[in-house]
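Undergrad: Below is protein.cif; it holds mmCIF, C-alpha atoms; chains and numbers go by the auth columns.
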data_my_file
loop_
_atom_site.group_PDB
_atom_site.id
_atom_site.type_symbol
_atom_site.label_atom_id
_atom_site.label_comp_id
_atom_site.label_asym_id
_atom_site.label_seq_id
_atom_site.Cartn_x
_atom_site.Cartn_y
_atom_site.Cartn_z
_atom_site.B_iso_or_equiv
_atom_site.auth_seq_id
_atom_site.auth_asym_id
ATOM 1 C CA MET A 1 22.982 -63.416 60.148 0.00 4 O
ATOM 2 C CA ARG A 2 20.486 -61.641 57.938 0.00 5 O
ATOM 3 C CA PRO A 3 17.592 -59.747 59.463 0.00 6 O
ATOM 4 C CA PRO A 4 14.178 -61.256 58.770 0.00 7 O
ATOM 5 C CA ARG A 5 12.594 -60.033 55.592 0.00 8 O
ATOM 6 C CA ARG A 6 9.648 -57.675 56.035 0.00 9 O
ATOM 7 C CA GLN A 7 6.385 -58.248 54.328 0.00 10 O
ATOM 8 C CA PRO A 8 5.499 -55.387 51.963 0.00 11 O
ATOM 9 C CA ARG A 9 2.715 -53.127 53.115 0.00 12 O
ATOM 10 C CA PRO A 10 -0.528 -53.503 51.225 0.00 13 O
ATOM 11 C CA GLU A 11 -1.384 -50.673 48.874 0.00 14 O
ATOM 12 C CA ARG A 12 -4.000 -48.232 50.079 0.00 15 O
ATOM 13 C CA SER A 13 -6.944 -48.167 47.816 0.00 16 O
ATOM 14 C CA ALA A 14 -9.456 -45.394 47.417 0.00 17 O
ATOM 15 C CA PRO A 15 -13.116 -46.296 47.910 0.00 18 O
ATOM 16 C CA ILE A 16 -15.160 -47.118 44.860 0.00 19 O
ATOM 17 C CA VAL A 17 -16.494 -43.930 43.279 0.00 20 O
ATOM 18 C CA GLY A 18 -20.113 -45.074 42.960 0.00 21 O
ATOM 19 C CA SER A 19 -20.400 -46.626 46.421 0.00 22 O
ATOM 20 C CA TRP A 20 -23.085 -45.581 48.882 0.00 23 O
ATOM 21 C CA GLY A 21 -20.526 -44.312 51.404 0.00 24 O
ATOM 22 C CA VAL A 22 -19.010 -41.947 48.847 0.00 25 O
ATOM 23 C CA ARG A 23 -22.389 -40.671 47.668 0.00 26 O
ATOM 24 C CA LEU A 24 -23.669 -40.170 51.188 0.00 27 O
ATOM 25 C CA ALA A 25 -20.529 -38.268 52.203 0.00 28 O
ATOM 26 C CA TRP A 26 -20.871 -35.882 49.245 0.00 29 O
ATOM 27 C CA VAL A 27 -24.582 -35.273 49.837 0.00 30 O
ATOM 28 C CA SER A 28 -24.214 -34.869 53.609 0.00 31 O
ATOM 29 C CA GLY A 29 -21.307 -32.434 53.278 0.00 32 O
ATOM 30 C CA LEU A 30 -23.228 -30.356 50.748 0.00 33 O
ATOM 31 C CA ILE A 31 -26.382 -30.279 52.885 0.00 34 O
ATOM 32 C CA LEU A 32 -24.357 -29.306 55.965 0.00 35 O
ATOM 33 C CA CYS A 33 -22.866 -26.364 54.062 0.00 36 O
ATOM 34 C CA ILE A 34 -26.220 -25.228 52.700 0.00 37 O
ATOM 35 C CA SER A 35 -28.161 -25.754 55.933 0.00 38 O
ATOM 36 C CA ALA A 36 -25.974 -23.255 57.773 0.00 39 O
ATOM 37 C CA PHE A 37 -27.708 -20.584 55.683 0.00 40 O
ATOM 38 C CA THR A 38 -31.272 -21.821 56.227 0.00 41 O
ATOM 39 C CA ASP A 39 -33.497 -20.831 59.129 0.00 42 O
ATOM 40 C CA TRP A 40 -32.650 -22.574 62.370 0.00 43 O
ATOM 41 C CA TYR A 41 -34.962 -20.521 64.565 0.00 44 O
ATOM 42 C CA ALA A 42 -38.176 -18.672 63.868 0.00 45 O
ATOM 43 C CA GLY A 43 -40.028 -16.388 66.203 0.00 46 O
ATOM 44 C CA THR A 44 -42.642 -13.679 66.452 0.00 47 O
ATOM 45 C CA LEU A 45 -41.938 -10.187 67.661 0.00 48 O
ATOM 46 C CA ALA A 46 -44.300 -8.321 69.981 0.00 49 O
ATOM 47 C CA ASN A 47 -46.009 -6.522 67.080 0.00 50 O
ATOM 48 C CA GLY A 48 -46.729 -9.775 65.176 0.00 51 O
ATOM 49 C CA ILE A 49 -43.845 -9.750 62.705 0.00 52 O
ATOM 50 C CA THR A 50 -42.325 -13.197 62.135 0.00 53 O
ATOM 51 C CA LEU A 51 -38.551 -13.362 61.762 0.00 54 O
ATOM 52 C CA SER A 52 -36.076 -16.186 61.349 0.00 55 O
ATOM 53 C CA VAL A 53 -32.436 -16.657 62.317 0.00 56 O
ATOM 54 C CA THR A 54 -30.102 -18.622 60.063 0.00 57 O
ATOM 55 C CA GLY A 55 -27.561 -21.083 61.381 0.00 58 O
ATOM 56 C CA TRP A 56 -24.733 -18.751 60.387 0.00 59 O
ATOM 57 C CA HIS A 57 -26.160 -16.028 62.638 0.00 60 O
ATOM 58 C CA SER A 58 -26.952 -18.330 65.559 0.00 61 O
ATOM 59 C CA GLY A 59 -23.413 -18.193 66.924 0.00 62 O
ATOM 60 C CA ALA A 60 -20.155 -20.063 66.627 0.00 63 O
ATOM 61 C CA LEU A 61 -21.794 -23.495 66.417 0.00 64 O
ATOM 62 C CA GLY A 62 -23.639 -22.585 63.231 0.00 65 O
ATOM 63 C CA LYS A 63 -20.388 -21.495 61.633 0.00 66 O
ATOM 64 C CA LEU A 64 -18.659 -24.673 62.825 0.00 67 O
ATOM 65 C CA VAL A 65 -21.381 -26.788 61.205 0.00 68 O
ATOM 66 C CA PHE A 66 -20.699 -25.001 57.921 0.00 69 O
ATOM 67 C CA PHE A 67 -16.956 -25.607 58.215 0.00 70 O
ATOM 68 C CA VAL A 68 -17.469 -29.297 59.042 0.00 71 O
ATOM 69 C CA GLY A 69 -19.480 -29.606 55.831 0.00 72 O
ATOM 70 C CA LEU A 70 -16.800 -27.691 53.915 0.00 73 O
ATOM 71 C CA ALA A 71 -14.056 -29.921 55.344 0.00 74 O
ATOM 72 C CA THR A 72 -16.041 -32.958 54.208 0.00 75 O
ATOM 73 C CA LEU A 73 -16.354 -31.594 50.687 0.00 76 O
ATOM 74 C CA ILE A 74 -12.618 -30.777 50.574 0.00 77 O
ATOM 75 C CA LEU A 75 -11.766 -34.268 51.827 0.00 78 O
ATOM 76 C CA GLU A 76 -13.972 -35.893 49.204 0.00 79 O
ATOM 77 C CA ALA A 77 -12.686 -33.649 46.394 0.00 80 O
ATOM 78 C CA SER A 78 -9.062 -34.343 47.292 0.00 81 O
ATOM 79 C CA ARG A 79 -9.761 -38.081 47.367 0.00 82 O
ATOM 80 C CA GLU A 80 -11.396 -37.841 43.937 0.00 83 O
ATOM 81 C CA ALA A 81 -8.296 -36.000 42.681 0.00 84 O
ATOM 82 C CA GLY A 82 -6.099 -38.871 43.872 0.00 85 O
ATOM 83 C CA ILE A 83 -4.687 -37.203 46.977 0.00 86 O
ATOM 84 C CA LEU A 84 -4.954 -39.787 49.757 0.00 87 O
ATOM 85 C CA LEU A 85 -4.364 -39.193 53.435 0.00 88 O
ATOM 86 C CA PRO A 86 -1.559 -41.045 55.224 0.00 89 O
ATOM 87 C CA ALA A 87 -2.320 -44.623 56.236 0.00 90 O
ATOM 88 C CA ALA A 88 -2.304 -43.592 59.904 0.00 91 O
ATOM 89 C CA VAL A 89 -5.355 -41.371 59.302 0.00 92 O
ATOM 90 C CA PRO A 90 -7.879 -43.246 57.149 0.00 93 O
ATOM 91 C CA ASP A 91 -10.513 -41.069 55.519 0.00 94 O
ATOM 92 C CA ARG A 92 -13.343 -43.212 56.874 0.00 95 O
ATOM 93 C CA LEU A 93 -12.175 -42.460 60.425 0.00 96 O
ATOM 94 C CA LEU A 94 -12.013 -38.771 59.608 0.00 97 O
ATOM 95 C CA LEU A 95 -15.572 -38.904 58.237 0.00 98 O
ATOM 96 C CA ILE A 96 -16.802 -40.545 61.429 0.00 99 O
ATOM 97 C CA ALA A 97 -15.057 -37.864 63.518 0.00 100 O
ATOM 98 C CA LEU A 98 -16.475 -35.022 61.402 0.00 101 O
ATOM 99 C CA GLY A 99 -19.938 -36.571 61.551 0.00 102 O
ATOM 100 C CA ALA A 100 -19.759 -36.958 65.335 0.00 103 O
ATOM 101 C CA LEU A 101 -18.662 -33.327 65.700 0.00 104 O
ATOM 102 C CA ALA A 102 -21.491 -32.124 63.486 0.00 105 O
ATOM 103 C CA VAL A 103 -24.047 -34.190 65.423 0.00 106 O
ATOM 104 C CA ILE A 104 -22.813 -32.741 68.719 0.00 107 O
ATOM 105 C CA PHE A 105 -22.871 -29.153 67.405 0.00 108 O
ATOM 106 C CA VAL A 106 -26.373 -29.477 65.978 0.00 109 O
ATOM 107 C CA LEU A 107 -27.746 -31.248 69.064 0.00 110 O
ATOM 108 C CA ILE A 108 -26.442 -28.440 71.260 0.00 111 O
ATOM 109 C CA ARG A 109 -28.287 -25.926 69.081 0.00 112 O
ATOM 110 C CA LEU A 110 -31.384 -28.130 68.994 0.00 113 O
ATOM 111 C CA ILE A 111 -31.558 -28.473 72.775 0.00 114 O
ATOM 112 C CA SER A 112 -30.297 -25.037 73.789 0.00 115 O
ATOM 113 C CA VAL A 113 -32.422 -22.444 72.003 0.00 116 O
ATOM 114 C CA PRO A 114 -30.944 -18.960 72.432 0.00 117 O
ATOM 115 C CA ASP A 115 -33.480 -16.583 73.998 0.00 118 O
ATOM 116 C CA VAL A 116 -31.569 -13.588 72.764 0.00 119 O
ATOM 117 C CA TYR A 117 -33.497 -13.257 69.500 0.00 120 O
ATOM 118 C CA PHE A 118 -37.210 -13.464 70.310 0.00 121 O
ATOM 119 C CA ALA A 119 -39.537 -13.805 73.238 0.00 122 O
ATOM 120 C CA SER A 120 -40.986 -16.997 71.754 0.00 123 O
ATOM 121 C CA THR A 121 -38.603 -18.966 69.573 0.00 124 O
ATOM 122 C CA GLY A 122 -39.307 -22.134 67.629 0.00 125 O
ATOM 123 C CA ARG A 123 -36.970 -24.374 65.710 0.00 126 O
ATOM 124 C CA GLY A 124 -36.835 -24.044 61.927 0.00 127 O
ATOM 125 C CA ILE A 125 -36.490 -26.651 59.215 0.00 128 O
ATOM 126 C CA GLY A 126 -32.799 -25.891 58.658 0.00 129 O
ATOM 127 C CA LEU A 127 -31.898 -27.193 62.094 0.00 130 O
ATOM 128 C CA TYR A 128 -33.515 -30.533 61.355 0.00 131 O
ATOM 129 C CA LEU A 129 -31.855 -30.680 57.920 0.00 132 O
ATOM 130 C CA SER A 130 -28.511 -30.109 59.626 0.00 133 O
ATOM 131 C CA LEU A 131 -29.197 -32.926 62.059 0.00 134 O
ATOM 132 C CA LEU A 132 -30.108 -35.339 59.248 0.00 135 O
ATOM 133 C CA ALA A 133 -27.009 -34.355 57.273 0.00 136 O
ATOM 134 C CA ALA A 134 -24.771 -34.777 60.330 0.00 137 O
ATOM 135 C CA LEU A 135 -26.214 -38.232 60.969 0.00 138 O
ATOM 136 C CA GLY A 136 -25.754 -39.003 57.268 0.00 139 O
ATOM 137 C CA LEU A 137 -22.093 -38.011 57.477 0.00 140 O
ATOM 138 C CA LEU A 138 -21.638 -40.288 60.468 0.00 141 O
ATOM 139 C CA GLY A 139 -23.350 -43.069 58.540 0.00 142 O
ATOM 140 C CA ALA A 140 -21.144 -42.423 55.494 0.00 143 O
ATOM 141 C CA GLY A 141 -18.045 -43.028 57.587 0.00 144 O
ATOM 142 C CA MET A 142 -19.519 -46.252 58.926 0.00 145 O
ATOM 143 C CA LEU A 143 -20.524 -47.393 55.433 0.00 146 O
ATOM 144 C CA ARG A 144 -16.995 -46.744 54.200 0.00 147 O
ATOM 145 C CA THR A 145 -15.658 -48.798 57.080 0.00 148 O
ATOM 146 C CA ALA A 146 -18.000 -51.654 56.191 0.00 149 O
ATOM 147 C CA GLU A 147 -17.009 -51.435 52.512 0.00 150 O
ATOM 148 C CA ASP A 148 -13.313 -51.773 53.401 0.00 151 O
ATOM 149 C CA LEU A 149 -13.796 -54.991 55.371 0.00 152 O
ATOM 150 C CA PRO A 150 -12.562 -58.119 53.584 0.00 153 O
#
Just give me the structure as structure tokens.
TA:
Amino acid sequence: MRPPRRQPRPERSAPIVGSWGVRLAWVSGLILCISAFTDWYAGTLANGITLSVTGWHSGALGKLVFFVGLATLILEASREAGILLPAAVPDRLLLIALGALAVIFVLIRLISVPDVYFASTGRGIGLYLSLLAALGLLGAGMLRTAEDLP
């Protein structure tokens, strides 16, 4: 007796280049990389001098936010070059995971302000840009998932 014939696997297709999920992933990854070098905290010293601390110098989480953005850009560039991930690891799932990681890292830095730098520390614009970019990356993964539905 012959074994039953298997159905061929469907071809994996790359997302459409001009789609909103692709654009949002590129922009969010780029903003995450750039925002690691913007001011995350600003404070005043005792003698009245105002200083700021970039995300890169705020500790390991600031560096991890940069590398999440860099990983996103590498993923998008490799997909544009025609290098697709295995079917077991879809790129939309990886974007959602990277976005969730970035949101967690930025929220930790948003809630837990290090007192090591200044007596009075406020949050800078770069921290909020990082949060918007991380949420955008999470949204890009969800948009890609919605675009792949039949």
Undergrad: Have a look at CA of Gly102 (chain O) and CA of Ile77 (chain O) and let me know their distance in Å, one decimal.
TA: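 Going from CA of Gly102 (chain O) over to CA of Ile77 (chain O), I get 14.4 Å.
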Undergrad: Find, counting all atoms listed in the file, the residue in O:Phe108, O:Ala91, O:Trp29, O:Arg147 that gets nearest to Ala74 (chain O).
TA: O:Trp29
Undergrad: Provide an axis-aligned box for all listed atoms of region 105-113 of chain O, padding each side by 4 Å; report its centre and its edge lengths in Å to one decimal, as AutoDock Vina command-line options.
TA:
--center_x -26.4 --center_y -30.1 --center_z 67.4 --size_x 17.9 --size_y 16.3 --size_z 15.8
Undergrad: Assuming the chain letters and numbering stay as they are in my file, what does the PyMOL selection byres ((chain O and resi 27) around 8) actually select? List them as a ChimeraX atom specification.
TA: /O:23-26,28-31,139-140,142-143
Undergrad: In Å, how far is it from CA of Trp59 (chain O) to CA of Ala103 (chain O)?
TA: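 Spanning CA of Trp59 (chain O) to CA of Ala103 (chain O) is a straight-line distance of 19.5 Å.
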Undergrad: Quick one, how far is CA of Thr75 (chain O) from CA of Ile128 (chain O)?
TA: 22.0 Å
